[in-house]
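One file, query-v7.txt, is given below (compact mmCIF, C-alpha atoms).
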```txt
# COMPACT_ATOMS: atom_id res chain seq x y z
CA MET N 1 88.86 80.45 79.01
CA LYS N 2 87.05 77.20 78.76
CA GLN N 3 88.13 74.17 80.76
CA GLN N 4 89.12 72.32 77.58
CA GLU N 5 91.49 75.13 76.63
CA ILE N 6 93.02 75.02 80.09
CA THR N 7 93.62 71.27 80.02
CA LYS N 8 95.21 71.45 76.56
CA ALA N 9 97.54 74.34 77.42
CA SER N 10 101.16 73.80 78.40
CA VAL N 11 102.45 74.59 81.88
CA GLU N 12 104.19 77.74 80.66
CA GLU N 13 101.01 78.95 78.95
CA LEU N 14 99.06 78.31 82.16
CA ARG N 15 101.56 80.31 84.21
CA THR N 16 101.42 83.19 81.74
CA GLN N 17 97.63 83.18 81.67
CA ALA N 18 97.44 83.01 85.48
CA ALA N 19 99.72 86.03 85.78
CA ASN N 20 97.63 87.92 83.22
CA PHE N 21 94.38 87.12 85.03
CA ALA N 22 95.85 88.11 88.41
CA GLU N 23 96.86 91.47 86.97
CA GLN N 24 93.48 91.89 85.30
CA ILE N 25 91.65 91.15 88.57
CA GLU N 26 93.69 93.75 90.44
CA LYS N 27 93.02 96.38 87.79
CA MET N 28 89.29 95.65 87.79
CA LYS N 29 89.11 95.82 91.60
CA LEU N 30 90.86 99.18 91.67
CA THR N 31 88.70 100.54 88.88
CA HIS N 32 85.56 99.26 90.58
CA ALA N 33 86.56 100.90 93.87
CA VAL N 34 86.87 104.31 92.20
CA ALA N 35 83.91 104.08 89.84
CA PRO N 36 81.54 101.14 89.44
CA LEU N 37 82.23 98.84 86.53
CA GLU N 38 79.58 98.54 83.87
CA ASN N 39 79.49 94.79 84.48
CA PRO N 40 80.84 93.87 87.94
CA LEU N 41 80.37 90.17 87.17
CA GLN N 42 83.55 90.43 85.10
CA ILE N 43 85.49 90.34 88.35
CA ARG N 44 83.81 87.10 89.38
CA HIS N 45 84.45 85.46 86.02
CA ALA N 46 88.10 86.50 86.06
CA ARG N 47 88.54 85.20 89.62
CA ARG N 48 87.01 81.86 88.73
CA THR N 49 89.12 81.50 85.60
CA PHE N 50 92.21 82.35 87.66
CA ALA N 51 91.22 79.64 90.16
CA ARG N 52 90.80 77.11 87.34
CA LEU N 53 94.25 77.95 86.01
CA LYS N 54 95.87 77.65 89.44
CA THR N 55 94.06 74.35 90.10
CA GLU N 56 95.32 72.90 86.83
CA LEU N 57 98.87 74.08 87.59
CA THR N 58 98.77 72.50 91.05
CA LYS N 59 97.40 69.27 89.60
CA ARG N 60 100.18 69.08 87.03
CA GLU N 61 102.89 69.86 89.57
CA ALA N 62 101.59 67.08 91.81
CA GLN N 63 101.80 64.62 88.91
CA ALA N 64 105.37 65.61 88.01
```
Using structure tokens, write down the structure that the file contains.
Amino acid sequence: MKQQEITKASVEELRTQAANFAEQIEKMKLTHAVAPLENPLQIRHARRTFARLKTELTKREAQA
């Protein structure tokens, strides 16, 4: 997700996306532990997107 998409999304959408990315990260880590992923940088990108989502959620909760 791009930062613009994150800032335009509603709080509920952000929570849903964060949960999806957390699940996706766990699956990729387990898969990578058993057999190497074709592109291990996917884990890094997912982690960073998850962090962006959580940062935006925290920012919005602080404003409310």
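Closest approach to Ser10 in chain N from the set N:Ala64, N:Leu37, N:Leu30, N:Leu57 is made by N:Leu57, with distances taken over only C-alpha atoms.
Relative to CA of Arg52 in chain N, CA of Gln3 in chain N is found at 7.7 Å.
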Would you please work out which residue, of N:Glu26, N:Glu61, N:Glu5, N:Glu13, is nearest to Ile43 in chain N when using only C-alpha atoms? N:Glu26
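Once range 16-25 of chain N and its same-chain neighbours fewer than 6 positions away are set aside, Gln42, Ile43, Arg44, Ala46, Arg47, Thr49, Phe50, Ala51, Leu53 and Lys54 of chain N remain within 9 Å of it when counting all atoms listed in the file.
Across the model, the gap from CA of Glu12 in chain N to CA of Lys29 in chain N is 26.0 Å.
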Hey, can I get the axis-aligned box for range 8-14 of chain N? All listed atoms, 6 Å padding on each side, centre and edge lengths in Å to one decimal, as JSON.
```
{"center_x": 99.7, "center_y": 75.2, "center_z": 79.4, "size_x": 21.0, "size_y": 19.5, "size_z": 17.6}
```
